[in-house]
Amino acid sequence: MKLPRFRSKGYEKTVKITLAGAPNVGKSTVFNALTGLRQHTGNWAGKTVETARGHFITDGVKYDITDIPGTYSLFARSAEEEVARRYIEGHPDDVTVVVCDASGLLRSLPLALQILSAAKRCVVFLNLCDEAKKAGISVDAERLSELLGVPVVCGAARRHRGINELVAACRAASETERGIDAPVGAREAIARADMICREVVTKKKERALPSRADRILAGRASYAVMALLLVFIFWLTLKGANYPSELIARGATYLSALLRSCLSSLGAPEYLISFLVDGVYGTSAWIVSVMLPPMAIFFPLFTLLEDAGYLPRVAFCLDRACRGCGGCGKMALCMCEGLGCNAVGVTGSRIIDSRRERLLAALTNSFIPCNGRFPALIALITVFIAPSGSALAASSVLAFLVILSAVASLCASKLLSATLLRGVPSSFALELPRYRLPKFGEVIVRSVFDRTLFVLGRAIAVAAPAGGVIWILANVKVGNAAILSHISGALDPVGHFLGMDGAILLAFLLGLPANEIILPLIVMIYLSSGTLPAIGDLSALRDVFVSHGWTLTTAICTTLFFLFHSPCTTTLLTLKKETGSVKYTLVAAALPVALGAALCAAVNFFMSVFSA
Amino acid sequence: MKKKKRTIETLDSLSPGDGARIDRLTSKCTMKGRLEGLGFCPGEEICCVMRSPLGDPTAYLIRGTLIALRRSDARSVAIER
């Protein structure tokens, strides 16, 4: 693997490069290889919808690069094609690098021909030469260069092959100018591309059967595979997250002792120290230690699947079910992202083209339990519902609950598409890319920085003030009890109607900023302590709960309410930002609560009838 | 007098493994530009590869790429075997 050396020195000259090409040819990979910038490139057509800019300096020349959205032609009418066409027409002096896919030249060449009729300075980069070789396809680059009249560079951006040659070709192209071809319409471009490919491409006979992988992953067994994958991912998260969580918690406790001694040496009053250390800091530390490890496992796993090309198959298999509920197959993918974090699932709805279907996906995403709810769900499952203690049993029950919530999400979608969001199914053309081995190192680093830390940062921003409020409620006494106890007592009637009690309801209310603190809040309210319990104490959960009147009904109802309650504040804020409408945000908040309350009341009623 | 009915064969009539050649995109097509950009043009060879386990959509191999289309959209692509 040859890494080009781009040492930043001074420069005397600037060359502007426009990166163009069809979707999924690796344009953004070329961009990254040249500039070293990170840009999120999933194995999906349609990922880049804005232009990205970057630069690098080598050999005394500065190269400014603009990566425009991938398009199939310059003349169809989607947003991406408009942006691309306008950019190329507006920058005639740039060197346009057209990235083509050597393993699918027939698909990526028509755009190249259209661009050749608009750009005076042009270089063709034949990417994915390694995949072409594997697929038995070979391209005669010299003959192609003769036919097109522009230099053609072969390479594989993923392995940094051909990048140096590309830079050299761009430099040469910036100093020459060619006459532009006559403008080429879409049909004509395809016809000419066909002729050219017949001459320069030789390949083995097309296999028209689904690949071995697709026979399993997209065939009748695909649903079993999906369910098994769910169980596996939960099992891995469960096993892998416990110890790191404890480690982080221990570190946080050590830090809190430090903070405390630091503040007291500054002469701060005791209540202020408690407010800051136990309330604000303590709550945030709790959330970090519970939230971070599962997410650090889940998001990389998910991104690996995305990189490998599996996710379009999921959309492919579930499209009909989603369409029956008013949405489209890509909604299933938003649901998968929602398993990590509902806010990420909401922004993930951008991959859906039609606004109505995008709203459906975003508004129903909170039915899917996010990583923040897993520890509580697993604690409830192992303590009350499946006490065998095996991680596998807990993961299977959790997988079952998640499938249940997915069904609920689809039902909510159906309801919305029959009332607020009426409309017809949009047109749908999904490309199923070739499977490829994901780049493990890059994926893991990318997931950690792009997603996990970002989500974490947002969570802390919400948690810190929430911690302060909770401390005040728990430690300020009115009469002979803290405000918290008063409110929880007042909520008891409603709680009992729903098969729970006032403390549990209050915990859900106060846990609006972050799902992670709901379970420890319940413990805190029961014990009338002023601070959240330490993490390891959750093992004594059963005793605490039973001594406060918990029955199987309570456990079931609490589990159900965990699945179906209001989205957290981060998700609500994200919803408001994505939909631009307070009305839709409120709908998204109300739907799961309504379902949760209805289910709990029903379960409570039936259980009391049976035990009477 | 009997009226002679001219049946147009459309893409959704292909079963997995069948190949055909695209005749044209009929007037019922709501995504003409998008399909043309993907290579669904008269004369193009197309092959049905696999159907989703729920019956819809179906994946077609066209110009070396696997593209999934719903039955309603496949019905707007006229073919000749």
# chains A, B, ... in the order shown; residues from 1 in each chain; ligands from 1
>>> interface_residues(of="chain B", to="chain A", cutoff="12 Å", atoms="only C-alpha atoms", output="VMD selection string")
chain B and resid 15 to 20 29 to 74 76
>>> residues_around(residues="Ser566 (chain A)", least_positions_apart="4", cutoff="12 Å", atoms="only C-alpha atoms", output="PyMOL selection string")
chain A and resi 342+363-369+505+508-515+561-562+570-572+585-597
>>> write_last_selection(atoms="N, CA and C atoms", output="short mmCIF file (atom, residue, chain, number, x, y, z; two decimals), in the first residue's frame")
data_model
loop_
_atom_site.label_atom_id
_atom_site.label_comp_id
_atom_site.auth_asym_id
_atom_site.auth_seq_id
_atom_site.Cartn_x
_atom_site.Cartn_y
_atom_site.Cartn_z
N ASN A 342 -31.82 7.34 19.22
CA ASN A 342 -32.98 7.79 18.46
C ASN A 342 -32.71 9.07 17.67
N LEU A 363 -40.67 10.46 12.70
CA LEU A 363 -41.64 10.57 13.79
C LEU A 363 -41.86 9.25 14.51
N THR A 364 -41.67 8.12 13.82
CA THR A 364 -41.93 6.84 14.49
C THR A 364 -40.66 6.21 15.03
N ASN A 365 -39.53 6.90 14.89
CA ASN A 365 -38.27 6.29 15.29
C ASN A 365 -38.19 6.00 16.78
N SER A 366 -38.84 6.84 17.61
CA SER A 366 -38.68 6.69 19.06
C SER A 366 -39.35 5.46 19.62
N PHE A 367 -40.13 4.75 18.82
CA PHE A 367 -40.70 3.50 19.29
C PHE A 367 -39.59 2.47 19.48
N ILE A 368 -38.49 2.66 18.76
CA ILE A 368 -37.39 1.71 18.86
C ILE A 368 -36.55 2.07 20.08
N PRO A 369 -36.28 1.11 20.97
CA PRO A 369 -35.48 1.45 22.15
C PRO A 369 -34.04 1.73 21.77
N LEU A 505 -43.26 6.71 37.71
CA LEU A 505 -43.69 7.73 36.75
C LEU A 505 -42.82 8.98 36.84
N PHE A 508 -39.59 8.52 35.15
CA PHE A 508 -39.70 8.67 33.70
C PHE A 508 -39.75 10.14 33.32
N LEU A 509 -40.50 10.92 34.12
CA LEU A 509 -40.60 12.35 33.83
C LEU A 509 -39.25 13.04 33.94
N LEU A 510 -38.57 12.76 35.09
CA LEU A 510 -37.29 13.41 35.31
C LEU A 510 -36.22 12.85 34.38
N GLY A 511 -36.47 11.65 33.85
CA GLY A 511 -35.49 11.04 32.97
C GLY A 511 -35.68 11.48 31.53
N LEU A 512 -36.49 12.49 31.31
CA LEU A 512 -36.70 12.96 29.95
C LEU A 512 -35.40 13.36 29.25
N PRO A 513 -34.48 14.02 29.97
CA PRO A 513 -33.24 14.38 29.28
C PRO A 513 -32.42 13.18 28.84
N ALA A 514 -32.45 12.09 29.58
CA ALA A 514 -31.62 10.93 29.19
C ALA A 514 -32.19 9.67 29.78
N ASN A 515 -32.44 8.68 28.95
CA ASN A 515 -33.04 7.43 29.41
C ASN A 515 -32.18 6.69 30.42
N PHE A 561 -43.38 0.37 29.49
CA PHE A 561 -43.29 1.83 29.44
C PHE A 561 -41.90 2.28 29.03
N PHE A 562 -40.90 1.45 29.36
CA PHE A 562 -39.55 1.77 28.89
C PHE A 562 -39.49 1.73 27.37
N THR A 570 -32.93 15.23 23.70
CA THR A 570 -32.04 15.35 22.55
C THR A 570 -32.78 14.96 21.27
N THR A 571 -33.53 13.86 21.34
CA THR A 571 -34.28 13.43 20.16
C THR A 571 -35.34 14.46 19.80
N LEU A 572 -36.00 15.02 20.82
CA LEU A 572 -37.04 16.00 20.53
C LEU A 572 -36.44 17.23 19.84
N THR A 585 -43.21 17.50 16.05
CA THR A 585 -42.43 17.07 17.20
C THR A 585 -43.35 16.62 18.32
N LEU A 586 -44.40 17.37 18.56
CA LEU A 586 -45.34 16.99 19.61
C LEU A 586 -46.02 15.66 19.28
N VAL A 587 -46.37 15.46 18.02
CA VAL A 587 -46.97 14.20 17.61
C VAL A 587 -46.00 13.05 17.91
N ALA A 588 -44.73 13.26 17.56
CA ALA A 588 -43.74 12.21 17.79
C ALA A 588 -43.58 11.93 19.27
N ALA A 589 -43.79 12.94 20.11
CA ALA A 589 -43.69 12.73 21.55
C ALA A 589 -44.94 12.03 22.07
N ALA A 590 -46.09 12.40 21.57
CA ALA A 590 -47.35 11.88 22.11
C ALA A 590 -47.62 10.43 21.73
N LEU A 591 -47.27 10.05 20.51
CA LEU A 591 -47.63 8.70 20.04
C LEU A 591 -47.12 7.57 20.93
N PRO A 592 -45.80 7.53 21.21
CA PRO A 592 -45.35 6.39 22.01
C PRO A 592 -45.89 6.42 23.44
N VAL A 593 -46.05 7.61 24.02
CA VAL A 593 -46.60 7.68 25.36
C VAL A 593 -48.01 7.12 25.38
N ALA A 594 -48.79 7.51 24.38
CA ALA A 594 -50.18 7.03 24.31
C ALA A 594 -50.20 5.50 24.25
N LEU A 595 -49.35 4.94 23.39
CA LEU A 595 -49.32 3.48 23.27
C LEU A 595 -48.88 2.85 24.58
N GLY A 596 -47.82 3.42 25.18
CA GLY A 596 -47.29 2.88 26.42
C GLY A 596 -48.34 2.89 27.52
N ALA A 597 -49.00 4.02 27.66
CA ALA A 597 -50.01 4.14 28.71
C ALA A 597 -51.15 3.15 28.48
#
>>> atom_distance(atom1="CA of Asn32 (chain A)", atom2="CA of Leu305 (chain A)")
20.8 Å
>>> residues_around(residues="Val15 (chain A)", least_positions_apart="4", cutoff="12 Å", atoms="only C-alpha atoms", output="ChimeraX atom specification")
/A:11,55-58,60-66,93-96,121,167-175
>>> write_last_selection(atoms="N, CA and C atoms", output="mmCIF file, in the first residue's frame")
data_model
loop_
_atom_site.group_PDB
_atom_site.id
_atom_site.type_symbol
_atom_site.label_atom_id
_atom_site.label_comp_id
_atom_site.auth_asym_id
_atom_site.auth_seq_id
_atom_site.Cartn_x
_atom_site.Cartn_y
_atom_site.Cartn_z
ATOM 1 N N TYR A 11 3.958 27.197 -1.610
ATOM 2 C CA TYR A 11 3.550 26.854 -2.968
ATOM 3 C C TYR A 11 3.559 28.099 -3.822
ATOM 4 N N HIS A 55 -8.042 20.557 0.534
ATOM 5 C CA HIS A 55 -6.891 20.912 -0.287
ATOM 6 C C HIS A 55 -5.677 20.111 0.151
ATOM 7 N N PHE A 56 -4.650 20.091 -0.669
ATOM 8 C CA PHE A 56 -3.364 19.535 -0.267
ATOM 9 C C PHE A 56 -2.288 20.251 -1.060
ATOM 10 N N ILE A 57 -1.059 20.209 -0.547
ATOM 11 C CA ILE A 57 0.045 20.916 -1.198
ATOM 12 C C ILE A 57 1.148 19.911 -1.446
ATOM 13 N N THR A 58 1.663 19.876 -2.657
ATOM 14 C CA THR A 58 2.785 18.993 -2.942
ATOM 15 C C THR A 58 3.596 19.567 -4.086
ATOM 16 N N GLY A 60 5.326 22.136 -4.460
ATOM 17 C CA GLY A 60 5.204 23.557 -4.731
ATOM 18 C C GLY A 60 3.916 23.965 -5.401
ATOM 19 N N VAL A 61 2.943 23.070 -5.426
ATOM 20 C CA VAL A 61 1.649 23.421 -6.025
ATOM 21 C C VAL A 61 0.553 23.137 -5.008
ATOM 22 N N LYS A 62 -0.370 24.074 -4.893
ATOM 23 C CA LYS A 62 -1.521 23.851 -4.004
ATOM 24 C C LYS A 62 -2.700 23.402 -4.852
ATOM 25 N N TYR A 63 -3.340 22.328 -4.422
ATOM 26 C CA TYR A 63 -4.503 21.810 -5.132
ATOM 27 C C TYR A 63 -5.744 22.015 -4.272
ATOM 28 N N ASP A 64 -6.693 22.791 -4.810
ATOM 29 C CA ASP A 64 -7.971 22.988 -4.121
ATOM 30 C C ASP A 64 -8.987 22.044 -4.730
ATOM 31 N N ILE A 65 -9.594 21.199 -3.907
ATOM 32 C CA ILE A 65 -10.509 20.207 -4.476
ATOM 33 C C ILE A 65 -11.930 20.434 -4.013
ATOM 34 N N THR A 66 -12.858 20.330 -4.939
ATOM 35 C CA THR A 66 -14.274 20.364 -4.596
ATOM 36 C C THR A 66 -14.903 19.048 -5.028
ATOM 37 N N ASP A 93 -12.603 26.737 -15.691
ATOM 38 C CA ASP A 93 -11.147 26.670 -15.687
ATOM 39 C C ASP A 93 -10.607 25.607 -14.737
ATOM 40 N N ASP A 94 -11.486 24.982 -13.988
ATOM 41 C CA ASP A 94 -11.026 23.931 -13.086
ATOM 42 C C ASP A 94 -10.648 22.692 -13.874
ATOM 43 N N VAL A 95 -9.735 21.902 -13.307
ATOM 44 C CA VAL A 95 -9.481 20.587 -13.880
ATOM 45 C C VAL A 95 -10.566 19.666 -13.332
ATOM 46 N N THR A 96 -11.377 19.118 -14.218
ATOM 47 C CA THR A 96 -12.435 18.219 -13.753
ATOM 48 C C THR A 96 -11.922 16.797 -13.779
ATOM 49 N N ARG A 121 -10.749 21.226 -19.207
ATOM 50 C CA ARG A 121 -9.597 20.513 -18.683
ATOM 51 C C ARG A 121 -10.123 19.297 -17.944
ATOM 52 N N VAL A 167 -2.419 12.961 -9.486
ATOM 53 C CA VAL A 167 -1.999 14.328 -9.193
ATOM 54 C C VAL A 167 -1.138 14.866 -10.337
ATOM 55 N N ALA A 168 -0.213 13.997 -10.838
ATOM 56 C CA ALA A 168 0.648 14.414 -11.950
ATOM 57 C C ALA A 168 -0.195 14.753 -13.174
ATOM 58 N N ALA A 169 -1.198 13.915 -13.459
ATOM 59 C CA ALA A 169 -2.042 14.155 -14.625
ATOM 60 C C ALA A 169 -2.817 15.458 -14.471
ATOM 61 N N CYS A 170 -3.267 15.751 -13.231
ATOM 62 C CA CYS A 170 -4.016 16.997 -13.009
ATOM 63 C C CYS A 170 -3.121 18.193 -13.248
ATOM 64 N N ARG A 171 -1.887 18.065 -12.771
ATOM 65 C CA ARG A 171 -0.972 19.182 -12.958
ATOM 66 C C ARG A 171 -0.737 19.437 -14.424
ATOM 67 N N ALA A 172 -0.511 18.344 -15.182
ATOM 68 C CA ALA A 172 -0.296 18.492 -16.618
ATOM 69 C C ALA A 172 -1.537 19.084 -17.281
ATOM 70 N N ALA A 173 -2.713 18.604 -16.864
ATOM 71 C CA ALA A 173 -3.952 19.074 -17.498
ATOM 72 C C ALA A 173 -4.197 20.545 -17.214
ATOM 73 N N SER A 174 -3.714 21.028 -16.057
ATOM 74 C CA SER A 174 -3.970 22.428 -15.726
ATOM 75 C C SER A 174 -3.179 23.347 -16.635
ATOM 76 N N GLU A 175 -2.164 22.768 -17.280
ATOM 77 C CA GLU A 175 -1.335 23.622 -18.128
ATOM 78 C C GLU A 175 -1.688 23.502 -19.600
#
>>> atom_distance(atom1="CA of Val288 (chain A)", atom2="CA of Ser528 (chain A)")
23.6 Å
>>> closest_residue(among="A:Thr554, A:Thr569, A:Ser395, A:Asn242", to="Val603 (chain A)", atoms="only C-alpha atoms")
A:Thr554
>>> select_by_dssp(residues="chain B", states="helix (DSSP H, G or I)", output="NGL selection string")
:B and (11-13 or 32-38 or 71-74)
>>> write_last_selection(atoms="N, CA and C atoms", output="mmCIF file, in the first residue's frame")
data_model
loop_
_atom_site.group_PDB
_atom_site.id
_atom_site.type_symbol
_atom_site.label_atom_id
_atom_site.label_comp_id
_atom_site.auth_asym_id
_atom_site.auth_seq_id
_atom_site.Cartn_x
_atom_site.Cartn_y
_atom_site.Cartn_z
ATOM 1 N N LEU B 11 -41.636 -5.406 -17.603
ATOM 2 C CA LEU B 11 -40.530 -5.949 -16.822
ATOM 3 C C LEU B 11 -40.991 -6.845 -15.688
ATOM 4 N N ASP B 12 -42.161 -6.554 -15.116
ATOM 5 C CA ASP B 12 -42.572 -7.327 -13.944
ATOM 6 C C ASP B 12 -42.954 -8.760 -14.305
ATOM 7 N N SER B 13 -43.038 -9.069 -15.635
ATOM 8 C CA SER B 13 -43.409 -10.424 -16.018
ATOM 9 C C SER B 13 -42.203 -11.363 -16.022
ATOM 10 N N LYS B 32 -39.132 8.536 -15.026
ATOM 11 C CA LYS B 32 -38.448 8.342 -16.287
ATOM 12 C C LYS B 32 -36.986 8.798 -16.237
ATOM 13 N N GLY B 33 -36.779 10.037 -15.756
ATOM 14 C CA GLY B 33 -35.430 10.585 -15.738
ATOM 15 C C GLY B 33 -34.498 9.732 -14.887
ATOM 16 N N ARG B 34 -35.011 9.327 -13.737
ATOM 17 C CA ARG B 34 -34.198 8.535 -12.819
ATOM 18 C C ARG B 34 -33.824 7.201 -13.443
ATOM 19 N N LEU B 35 -34.808 6.545 -14.061
ATOM 20 C CA LEU B 35 -34.547 5.240 -14.668
ATOM 21 C C LEU B 35 -33.584 5.359 -15.836
ATOM 22 N N GLU B 36 -33.771 6.405 -16.642
ATOM 23 C CA GLU B 36 -32.874 6.556 -17.791
ATOM 24 C C GLU B 36 -31.455 6.770 -17.319
ATOM 25 N N GLY B 37 -31.318 7.565 -16.269
ATOM 26 C CA GLY B 37 -29.989 7.798 -15.720
ATOM 27 C C GLY B 37 -29.347 6.517 -15.221
ATOM 28 N N LEU B 38 -30.170 5.573 -14.754
ATOM 29 C CA LEU B 38 -29.627 4.305 -14.276
ATOM 30 C C LEU B 38 -29.334 3.353 -15.422
ATOM 31 N N ARG B 71 -42.797 -3.544 -8.169
ATOM 32 C CA ARG B 71 -43.592 -4.074 -9.274
ATOM 33 C C ARG B 71 -44.281 -2.951 -10.029
ATOM 34 N N SER B 72 -44.809 -1.956 -9.291
ATOM 35 C CA SER B 72 -45.545 -0.881 -9.959
ATOM 36 C C SER B 72 -44.643 -0.107 -10.909
ATOM 37 N N ASP B 73 -43.378 0.071 -10.511
ATOM 38 C CA ASP B 73 -42.473 0.789 -11.399
ATOM 39 C C ASP B 73 -41.971 -0.123 -12.519
ATOM 40 N N ALA B 74 -41.766 -1.415 -12.216
ATOM 41 C CA ALA B 74 -41.317 -2.346 -13.252
ATOM 42 C C ALA B 74 -42.379 -2.478 -14.341
#
>>> select_by_dssp(residues="region 75-208 of chain A", states="strand (DSSP E or B)", output="PyMOL selection string")
chain A and resi 95-101+121-127+137-139+152-154+156+161+201-203
>>> closest_residue(among="A:Ala393, A:Leu360, A:Ala598, A:Leu258", to="Leu416 (chain A)", atoms="only C-alpha atoms")
A:Leu360
>>> closest_residue(among="A:Pro92, A:Asp140, A:Phe275, A:Ser447", to="Leu263 (chain A)", atoms="only C-alpha atoms")
A:Phe275
>>> atom_distance(atom1="CA of Gly282 (chain A)", atom2="CA of Phe298 (chain A)")
24.9 Å
>>> residues_around(residues="Phe299 (chain A)", least_positions_apart="3", cutoff="8 Å", atoms="only C-alpha atoms", output="PDB file with N, CA, C and O atoms, in the first residue's frame")
ATOM      1  N   MET A 295     -22.557   2.102  23.208  1.00  0.00           N
ATOM      2  CA  MET A 295     -22.539   2.813  21.936  1.00  0.00           C
ATOM      3  C   MET A 295     -21.247   2.601  21.194  1.00  0.00           C
ATOM      4  O   MET A 295     -21.231   2.517  19.959  1.00  0.00           O
ATOM      5  N   ALA A 296     -20.145   2.504  21.960  1.00  0.00           N
ATOM      6  CA  ALA A 296     -18.851   2.312  21.317  1.00  0.00           C
ATOM      7  C   ALA A 296     -18.773   0.935  20.674  1.00  0.00           C
ATOM      8  O   ALA A 296     -17.907   0.678  19.847  1.00  0.00           O
ATOM      9  N   PHE A 302     -22.619  -1.501  13.479  1.00  0.00           N
ATOM     10  CA  PHE A 302     -23.585  -1.075  12.486  1.00  0.00           C
ATOM     11  C   PHE A 302     -22.893  -0.515  11.255  1.00  0.00           C
ATOM     12  O   PHE A 302     -23.258  -0.818  10.109  1.00  0.00           O
ATOM     13  N   THR A 303     -21.851   0.307  11.479  1.00  0.00           N
ATOM     14  CA  THR A 303     -21.146   0.903  10.354  1.00  0.00           C
ATOM     15  C   THR A 303     -20.418  -0.161   9.535  1.00  0.00           C
ATOM     16  O   THR A 303     -20.310  -0.039   8.317  1.00  0.00           O
ATOM     17  N   GLY A 340     -29.231   2.507  18.088  1.00  0.00           N
ATOM     18  CA  GLY A 340     -28.057   3.102  18.704  1.00  0.00           C
ATOM     19  C   GLY A 340     -28.432   4.346  19.478  1.00  0.00           C
ATOM     20  O   GLY A 340     -28.137   4.495  20.652  1.00  0.00           O
ATOM     21  N   SER A 447     -16.467   5.633  13.473  1.00  0.00           N
ATOM     22  CA  SER A 447     -17.656   5.537  14.328  1.00  0.00           C
ATOM     23  C   SER A 447     -17.399   6.189  15.661  1.00  0.00           C
ATOM     24  O   SER A 447     -18.291   6.814  16.218  1.00  0.00           O
ATOM     25  N   VAL A 448     -16.195   6.004  16.172  1.00  0.00           N
ATOM     26  CA  VAL A 448     -15.941   6.566  17.490  1.00  0.00           C
ATOM     27  C   VAL A 448     -16.019   8.086  17.433  1.00  0.00           C
ATOM     28  O   VAL A 448     -16.686   8.722  18.236  1.00  0.00           O
ATOM     29  N   ARG A 451     -19.729   9.453  15.434  1.00  0.00           N
ATOM     30  CA  ARG A 451     -21.018   9.220  16.057  1.00  0.00           C
ATOM     31  C   ARG A 451     -20.978   9.185  17.574  1.00  0.00           C
ATOM     32  O   ARG A 451     -21.665   9.931  18.228  1.00  0.00           O
ATOM     33  N   THR A 452     -20.146   8.300  18.114  1.00  0.00           N
ATOM     34  CA  THR A 452     -20.223   8.068  19.554  1.00  0.00           C
ATOM     35  C   THR A 452     -19.914   9.327  20.351  1.00  0.00           C
ATOM     36  O   THR A 452     -20.705   9.743  21.201  1.00  0.00           O
TER      37      THR A 452
END
